[in-house]
$ cat run_15.cif   # mmCIF, C-alpha atoms
data_start
#
loop_
_atom_site.label_atom_id
_atom_site.label_comp_id
_atom_site.auth_asym_id
_atom_site.auth_seq_id
_atom_site.Cartn_x
_atom_site.Cartn_y
_atom_site.Cartn_z
CA MET A 1 77.42 118.82 58.93
CA THR A 2 76.22 118.94 62.53
CA SER A 3 72.59 120.02 62.79
CA LEU A 4 70.21 120.68 65.64
CA PHE A 5 68.84 117.19 64.99
CA SER A 6 72.19 115.39 65.14
CA PRO A 7 72.70 113.03 68.11
CA LEU A 8 75.15 114.06 70.80
CA ARG A 9 77.26 112.15 73.31
CA PHE A 10 76.62 114.05 76.54
CA GLY A 11 78.89 112.58 79.18
CA ALA A 12 77.20 109.34 80.23
CA LEU A 13 74.10 110.16 78.16
CA GLU A 14 73.25 109.79 74.48
CA LEU A 15 71.03 112.61 73.26
CA PRO A 16 68.90 112.18 70.13
CA ASN A 17 69.15 115.86 69.22
CA ARG A 18 70.90 119.07 70.30
CA ILE A 19 67.75 121.00 71.18
CA LEU A 20 67.85 121.19 74.97
CA MET A 21 65.12 122.52 77.23
CA ALA A 22 66.63 125.25 79.40
CA PRO A 23 65.88 125.46 83.12
CA MET A 24 62.79 127.58 83.80
CA THR A 25 61.27 128.17 87.22
CA ARG A 26 57.48 128.08 86.76
CA GLY A 27 56.09 128.21 90.32
CA ARG A 28 53.94 125.05 90.21
CA GLY A 29 55.15 123.47 93.46
CA THR A 30 53.44 123.64 96.84
CA ARG A 31 54.27 126.06 99.64
CA GLU A 32 56.26 123.19 101.14
CA HIS A 33 58.27 123.17 97.88
CA ILE A 34 56.99 119.73 96.84
CA PRO A 35 56.55 118.97 93.11
CA THR A 36 52.92 118.50 92.10
CA ALA A 37 51.23 116.01 89.77
CA ILE A 38 50.76 118.62 87.09
CA MET A 39 54.54 118.99 86.88
CA ALA A 40 54.90 115.37 85.80
CA ASP A 41 52.51 116.07 82.91
CA TYR A 42 54.35 119.27 81.97
CA TYR A 43 57.81 117.71 81.77
CA ALA A 44 56.57 114.54 80.05
CA GLN A 45 54.94 116.67 77.35
CA ARG A 46 58.42 118.05 76.57
CA ALA A 47 60.30 114.74 76.52
CA GLY A 48 61.18 115.23 72.85
CA ALA A 49 63.94 117.62 73.87
CA GLY A 50 67.40 116.14 73.51
CA LEU A 51 67.69 116.80 77.24
CA ILE A 52 65.49 118.55 79.80
CA ILE A 53 67.34 120.65 82.37
CA SER A 54 64.89 120.94 85.23
CA GLU A 55 63.74 124.16 86.81
CA ALA A 56 66.08 125.31 89.57
CA ILE A 57 65.61 123.04 92.61
CA GLY A 58 66.50 124.27 96.09
CA ILE A 59 69.09 122.19 97.94
CA SER A 60 67.94 123.45 101.35
CA GLN A 61 65.41 125.73 102.99
CA GLN A 62 68.25 128.18 103.64
CA GLY A 63 68.89 128.41 99.91
CA LEU A 64 65.34 128.68 98.53
CA GLY A 65 63.46 131.97 98.41
CA TRP A 66 61.11 131.69 95.44
CA ALA A 67 57.37 131.31 95.92
CA TYR A 68 56.05 127.87 94.93
CA ALA A 69 59.46 126.72 93.72
CA THR A 70 60.56 123.18 94.47
CA GLY A 71 63.23 121.62 96.68
CA ILE A 72 64.99 118.31 97.00
CA TRP A 73 65.96 118.11 100.70
CA SER A 74 62.93 116.19 102.06
CA GLU A 75 61.51 112.76 101.28
CA PRO A 76 58.17 114.14 99.98
CA GLN A 77 60.12 116.37 97.61
CA VAL A 78 62.23 113.46 96.39
CA GLN A 79 59.10 111.37 95.81
CA GLY A 80 57.44 114.27 93.99
CA TRP A 81 60.41 114.55 91.65
CA ARG A 82 60.42 110.76 91.20
CA ARG A 83 56.94 111.04 89.67
CA VAL A 84 58.30 113.66 87.26
CA THR A 85 61.35 111.68 86.16
CA ASP A 86 59.31 108.49 85.80
CA ALA A 87 56.90 110.34 83.51
CA VAL A 88 59.72 111.79 81.41
CA HIS A 89 61.45 108.43 81.06
CA ALA A 90 58.16 106.71 80.16
CA ALA A 91 57.80 109.28 77.36
CA GLY A 92 61.31 108.48 76.10
CA GLY A 93 63.06 111.55 77.49
CA ARG A 94 66.06 112.43 79.61
CA ILE A 95 66.11 114.93 82.51
CA ILE A 96 68.78 116.31 84.85
CA ALA A 97 68.28 118.27 88.07
CA GLN A 98 69.53 121.84 88.38
CA LEU A 99 70.73 122.31 91.99
CA TRP A 100 70.16 125.80 93.38
CA HIS A 101 71.17 127.96 96.35
CA MET A 102 69.99 131.55 96.05
CA GLY A 103 72.29 133.05 98.67
CA ARG A 104 71.54 136.66 99.56
CA SER A 105 68.40 136.74 97.37
CA VAL A 106 66.47 134.57 99.85
CA HIS A 107 64.08 136.82 101.76
CA PRO A 108 63.94 136.09 105.54
CA SER A 109 60.23 135.30 105.27
CA PHE A 110 61.21 132.01 103.59
CA LEU A 111 63.52 131.08 106.48
CA GLU A 112 62.50 129.55 109.78
CA SER A 113 65.07 131.71 111.53
CA GLY A 114 68.18 133.72 110.83
CA GLN A 115 69.09 135.75 107.77
CA PRO A 116 70.18 134.99 104.22
CA VAL A 117 73.79 134.06 103.54
CA SER A 118 76.33 135.13 100.94
CA ALA A 119 80.05 135.46 100.30
CA SER A 120 80.14 138.73 102.25
CA VAL A 121 77.89 141.02 104.26
CA THR A 122 75.90 142.53 101.38
CA THR A 123 72.28 143.17 100.37
CA ALA A 124 70.71 142.29 97.03
CA PRO A 125 69.20 145.30 95.24
CA GLY A 126 65.51 145.65 94.45
CA LEU A 127 62.57 143.78 95.90
CA ALA A 128 62.01 140.10 96.64
CA HIS A 129 58.83 138.35 95.49
CA THR A 130 57.36 136.74 98.62
CA TYR A 131 54.06 135.15 99.56
CA ALA A 132 53.17 138.49 101.17
CA GLY A 133 54.03 140.51 98.05
CA LYS A 134 57.10 142.54 97.12
CA GLN A 135 59.49 143.20 100.02
CA PRO A 136 63.02 144.65 100.25
CA TYR A 137 65.86 142.17 100.45
CA ALA A 138 67.58 141.87 103.83
CA PRO A 139 71.32 142.10 104.57
CA ALA A 140 73.06 138.76 104.26
CA ARG A 141 75.64 137.38 106.64
CA ALA A 142 78.92 136.00 105.33
CA LEU A 143 79.30 132.23 105.36
CA THR A 144 82.09 131.09 107.66
CA VAL A 145 84.59 128.43 106.59
CA GLU A 146 82.69 126.00 108.82
CA ASN A 147 79.43 127.00 107.11
CA ILE A 148 81.01 126.34 103.72
CA ALA A 149 81.94 122.81 104.79
CA GLU A 150 78.28 122.31 105.78
CA LEU A 151 77.17 123.74 102.43
CA LEU A 152 79.31 121.21 100.57
CA GLU A 153 77.66 118.39 102.49
CA THR A 154 74.26 119.85 101.61
CA PHE A 155 75.21 119.68 97.91
CA ARG A 156 76.28 116.05 98.38
CA THR A 157 72.96 115.23 100.01
CA ALA A 158 71.01 117.02 97.28
CA THR A 159 72.92 115.02 94.67
CA ARG A 160 72.16 111.75 96.43
CA ASN A 161 68.51 112.81 96.56
CA ALA A 162 68.57 113.63 92.83
CA ILE A 163 69.79 110.09 92.15
CA ALA A 164 67.03 108.69 94.38
CA ALA A 165 64.53 110.84 92.50
CA GLY A 166 65.58 109.23 89.22
CA PHE A 167 67.36 112.11 87.52
CA ASP A 168 69.87 111.24 84.79
CA GLY A 169 72.40 113.75 86.13
CA VAL A 170 72.70 117.16 87.77
CA GLN A 171 73.60 120.69 86.82
CA ILE A 172 75.09 123.05 89.43
CA HIS A 173 73.45 126.48 89.23
CA ALA A 174 76.41 128.87 89.45
CA ALA A 175 74.80 131.68 87.43
CA ASN A 176 72.33 134.55 87.54
CA GLY A 177 73.54 136.26 90.70
CA TYR A 178 72.84 133.36 93.09
CA LEU A 179 75.14 132.06 95.81
CA ILE A 180 78.02 130.61 93.80
CA ASP A 181 77.94 133.62 91.46
CA GLN A 182 78.09 135.85 94.55
CA PHE A 183 81.36 134.14 95.49
CA LEU A 184 82.76 134.33 91.95
CA ARG A 185 82.47 138.08 91.42
CA ASP A 186 84.49 140.83 93.04
CA GLY A 187 81.42 143.09 93.20
CA SER A 188 79.83 140.84 95.84
CA ASN A 189 82.80 138.94 97.32
CA PHE A 190 84.90 141.07 99.67
CA ARG A 191 86.38 138.22 101.69
CA GLN A 192 89.96 138.22 102.94
CA ASP A 193 90.31 134.45 103.37
CA ALA A 194 90.91 131.56 100.95
CA TYR A 195 87.52 132.21 99.27
CA GLY A 196 88.12 135.88 98.41
CA GLY A 197 90.54 138.21 96.67
CA PRO A 198 92.36 136.70 93.65
CA ILE A 199 90.35 134.94 90.96
CA ALA A 200 91.61 131.49 91.99
CA ASN A 201 90.27 132.08 95.51
CA ARG A 202 86.89 133.34 94.31
CA VAL A 203 86.53 130.27 92.09
CA ARG A 204 87.33 127.99 95.05
CA LEU A 205 83.71 127.50 96.13
CA LEU A 206 82.69 126.56 92.59
CA ARG A 207 85.56 124.08 92.47
CA GLU A 208 84.70 122.54 95.84
CA VAL A 209 80.96 122.30 95.14
CA THR A 210 81.65 120.67 91.77
CA GLU A 211 84.10 118.21 93.31
CA ALA A 212 81.56 117.38 96.03
CA VAL A 213 78.83 116.66 93.48
CA VAL A 214 81.21 114.63 91.31
CA GLU A 215 82.13 112.50 94.34
CA VAL A 216 78.52 111.39 94.53
CA ILE A 217 77.32 111.09 90.93
CA GLY A 218 80.47 111.15 88.78
CA ALA A 219 81.86 113.76 86.42
CA GLN A 220 80.08 112.30 83.39
CA ARG A 221 76.69 113.08 84.96
CA THR A 222 77.64 116.54 86.26
CA GLY A 223 77.41 119.93 84.61
CA VAL A 224 77.50 123.62 85.54
CA ARG A 225 75.61 126.74 84.47
CA LEU A 226 77.37 130.14 84.32
CA SER A 227 76.23 133.59 83.16
CA PRO A 228 79.54 135.30 82.31
CA SER A 229 78.38 138.51 80.65
CA SER A 230 75.26 139.27 82.71
CA TYR A 231 74.99 141.20 85.95
CA ASP A 232 71.95 139.59 87.53
CA LEU A 233 70.64 140.61 90.95
CA GLY A 234 73.35 143.27 91.26
CA VAL A 235 76.26 140.81 91.05
CA ARG A 236 79.10 142.27 88.98
CA ASP A 237 82.78 141.67 88.26
CA SER A 238 85.52 144.03 87.11
CA HIS A 239 87.28 141.47 84.85
CA PRO A 240 84.68 138.89 83.80
CA GLU A 241 86.62 137.31 80.93
CA ALA A 242 89.63 136.45 83.08
CA LEU A 243 87.34 135.18 85.83
CA PHE A 244 85.16 132.93 83.71
CA VAL A 245 87.93 131.58 81.51
CA HIS A 246 89.68 130.47 84.71
CA ALA A 247 86.44 128.95 86.00
CA ALA A 248 86.04 127.03 82.73
CA GLN A 249 89.60 125.74 83.01
CA VAL A 250 88.89 124.51 86.54
CA LEU A 251 85.72 122.73 85.43
CA SER A 252 87.57 121.19 82.51
CA GLU A 253 90.25 119.87 84.88
CA ILE A 254 87.55 118.26 87.04
CA GLY A 255 86.15 116.71 83.87
CA VAL A 256 82.48 117.68 84.10
CA ALA A 257 80.37 116.59 81.15
CA HIS A 258 78.87 119.94 80.20
CA LEU A 259 78.95 123.68 80.72
CA GLU A 260 75.92 125.82 79.93
CA LEU A 261 76.41 129.55 79.36
CA ARG A 262 73.56 132.02 79.57
CA GLU A 263 74.70 135.00 77.53
CA PRO A 264 71.94 137.24 76.16
CA PRO A 265 72.88 139.27 73.09
CA LEU A 266 73.89 142.88 73.69
CA ASP A 267 70.51 143.84 72.22
CA GLY A 268 68.58 140.89 73.63
CA THR A 269 64.80 141.05 73.74
CA PHE A 270 64.55 139.48 77.20
CA GLY A 271 67.59 140.83 79.02
CA LYS A 272 70.94 141.86 77.65
CA SER A 273 74.61 141.26 78.28
CA GLU A 274 76.43 144.00 80.13
CA THR A 275 79.72 143.07 78.46
CA ALA A 276 80.62 141.45 75.17
CA PRO A 277 79.89 137.71 75.22
CA ILE A 278 82.76 135.60 76.54
CA ALA A 279 81.64 132.26 75.14
CA ALA A 280 84.33 132.13 72.44
CA ALA A 281 87.13 132.42 75.01
CA ILE A 282 85.43 129.88 77.27
CA ARG A 283 85.10 127.49 74.34
CA GLN A 284 88.89 127.35 74.10
CA ALA A 285 89.25 126.66 77.85
CA PHE A 286 86.61 123.95 78.32
CA ASN A 287 86.91 120.41 76.91
CA GLY A 288 83.39 119.13 77.56
CA VAL A 289 80.07 119.75 75.85
CA LEU A 290 79.38 123.48 75.61
CA ILE A 291 75.75 124.66 75.60
CA LEU A 292 74.71 128.21 74.77
CA ASN A 293 71.43 129.77 75.89
CA SER A 294 69.38 132.97 75.60
CA ASP A 295 67.30 134.50 72.82
CA TYR A 296 68.05 131.80 70.25
CA ASP A 297 65.72 130.97 67.40
CA SER A 298 66.31 127.97 65.17
CA ARG A 299 68.20 129.92 62.50
CA ARG A 300 70.63 131.54 64.94
CA ALA A 301 71.02 128.24 66.77
CA GLN A 302 71.95 126.33 63.61
CA ALA A 303 74.37 129.07 62.57
CA THR A 304 76.06 128.76 65.98
CA LEU A 305 76.49 125.00 65.55
CA ASP A 306 77.79 125.56 62.01
CA THR A 307 80.67 127.69 63.32
CA GLY A 308 81.53 125.19 66.06
CA ALA A 309 80.90 127.81 68.75
CA ALA A 310 78.74 125.35 70.72
CA ASP A 311 77.73 121.70 70.77
CA ALA A 312 74.08 122.26 71.68
CA ILE A 313 71.60 125.07 72.28
CA ALA A 314 69.25 125.37 75.26
CA PHE A 315 65.89 126.97 74.48
CA GLY A 316 63.63 128.32 77.20
CA ARG A 317 60.51 130.29 76.22
CA PRO A 318 59.87 128.36 72.95
CA PHE A 319 59.23 125.24 75.03
CA ILE A 320 56.54 126.98 77.11
CA ALA A 321 53.92 127.11 74.33
CA ASN A 322 55.44 124.41 72.13
CA PRO A 323 55.80 121.18 74.12
CA ASP A 324 56.85 119.43 70.90
CA TYR A 325 59.34 122.15 69.96
CA PRO A 326 61.95 119.88 68.28
CA ALA A 327 59.26 118.25 66.11
CA ARG A 328 57.93 121.68 65.13
CA LEU A 329 61.38 122.80 64.05
CA GLN A 330 62.12 119.62 62.12
CA ASN A 331 58.77 119.66 60.32
CA ARG A 332 58.64 123.44 59.96
CA TRP A 333 55.30 123.58 61.71
CA PRO A 334 54.20 127.00 63.01
CA LEU A 335 55.10 127.98 66.55
CA ALA A 336 52.52 128.89 69.19
CA GLN A 337 52.94 131.98 71.36
CA ASP A 338 53.01 131.80 75.15
CA ASP A 339 51.11 134.02 77.56
CA ALA A 340 53.49 135.78 79.96
CA ALA A 341 50.66 136.31 82.45
CA THR A 342 50.65 132.55 83.13
CA TRP A 343 54.41 132.00 83.50
CA PHE A 344 54.38 131.85 87.31
CA THR A 345 50.79 131.02 88.20
CA GLN A 346 49.87 127.79 89.93
CA GLY A 347 47.35 126.27 87.51
CA ALA A 348 47.29 124.27 84.29
CA ASP A 349 46.50 127.27 82.12
CA GLY A 350 49.65 128.31 80.32
CA TYR A 351 51.48 125.29 81.71
CA THR A 352 50.07 121.99 80.46
CA SER A 353 47.30 123.57 78.34
CA TYR A 354 49.46 124.02 75.22
CA LEU A 355 48.90 121.25 72.67
CA PRO A 356 51.39 119.57 70.32
CA ALA A 357 51.15 120.66 66.69
CA THR A 358 49.67 117.31 65.64
CA ASN A 359 46.65 118.09 67.87
CA THR A 360 46.12 121.55 66.40
CA ARG A 361 46.47 120.95 62.67
#

$ encode --input "run_15.cif" --output "structure tokens"
Amino acid sequence: MTSLFSPLRFGALELPNRILMAPMTRGRGTREHIPTAIMADYYAQRAGAGLIISEAIGISQQGLGWAYATGIWSEPQVQGWRRVTDAVHAAGGRIIAQLWHMGRSVHPSFLESGQPVSASVTTAPGLAHTYAGKQPYAPARALTVENIAELLETFRTATRNAIAAGFDGVQIHAANGYLIDQFLRDGSNFRQDAYGGPIANRVRLLREVTEAVVEVIGAQRTGVRLSPSSYDLGVRDSHPEALFVHAAQVLSEIGVAHLELREPPLDGTFGKSETAPIAAAIRQAFNGVLILNSDYDSRRAQATLDTGAADAIAFGRPFIANPDYPARLQNRWPLAQDDAATWFTQGADGYTSYLPATNTR
């Protein structure tokens, strides 16, 4: 029987277990979006995960609008991430880079000039978290076809930089209401060209970005994250199952190694799905490794593997306070509780201050 502790062939990688660390933005970079030394300690502490999926990493200044988040478009950023990957590898772990463009949810205060971009002229709802406090989002301009060609080259460059930084692969962030998700859904994509209208057109940017990344690093080191049943940042779709099953088919045709789905339960503690989960239908359409994420504990995770509904489970919050989370599960050691007040602060407290169980017993 497959268990959480069974090894897994993951494209070009061999994972020692199926307990993955989900991507979590923690705000420990500099204002220039450079990874800091404390981040190397944080990720190395969690090297016991079968695989670490990094926090979302901005591919360009245009695409990054999160305070103290990190990027991968400059040499200092690449070198900062190299320190992180070296530390993870020295601790026996594996880590891939999640590549991120936030689209219309980038506040103009993060941009040197201009306005945020999206599939269409739209405005994200709510307030952006900026260095100056909460501010309303600004209207985005629609990317032109020429801009999209430039965007694809930016993804290629970010992938080359991820290789230079020592990552074992990449994951394309196409979830949670960010740029690629804005193109996928008919509630935010009102285009009349080859990137809008029918589902196949709205999936085109995802296809082209994935093909661009694969050109650089290979399909067996490429994955994608989707959030089919959630409506994050006001991004919605009228027929999500048809949309995301088609997207999964496209990704399967390209041959990417993995697909991660963030689908909170309908009664999830930290967020909820707006529609019934679509993972079962996607499972039939995608031939690679399927990862499920959101609100899993070890019992629910093992039950999911038992049914064959997924190949691995990505855990987020449990890894915050339990750097040795797989060992705690395997040995049935008690779990520590994290402090939400320290999730996005810039210091060690609540970041590298949690100790492994062997240091607390």

$ atom_distance --input "run_15.cif" --atom1 "atom CA of A:Ala280" --atom2 "atom CA of A:Gly48"
28.7 Å

$ closest_residue --input "run_15.cif" --among "A:Trp100, A:Thr30, A:Pro277, A:Arg225" --to "A:Glu241" --atoms "all atoms listed in the file"
A:Pro277

$ atom_distance --input "run_15.cif" --atom1 "atom CA of A:Ser113" --atom2 "atom CA of A:Gln62"
9.2 Å

$ residues_near_point --input "run_15.cif" --point "(51.4, 124.3, 96.3)" --cutoff "12 Å" --atoms "all atoms listed in the file" --output "PyMOL selection string"
chain A and resi 26-39+67-70+77+80+131+345-347

$ atom_distance --input "run_15.cif" --atom1 "atom CA of A:Arg283" --atom2 "atom CA of A:Glu55"
25.0 Å

$ resolve_selection --input "run_15.cif" --expression "the PyMOL selection byres ((chain A and resi 257) around 7)" --output "ChimeraX atom specification"
/A:10-11,219-223,255-256,258,288-289
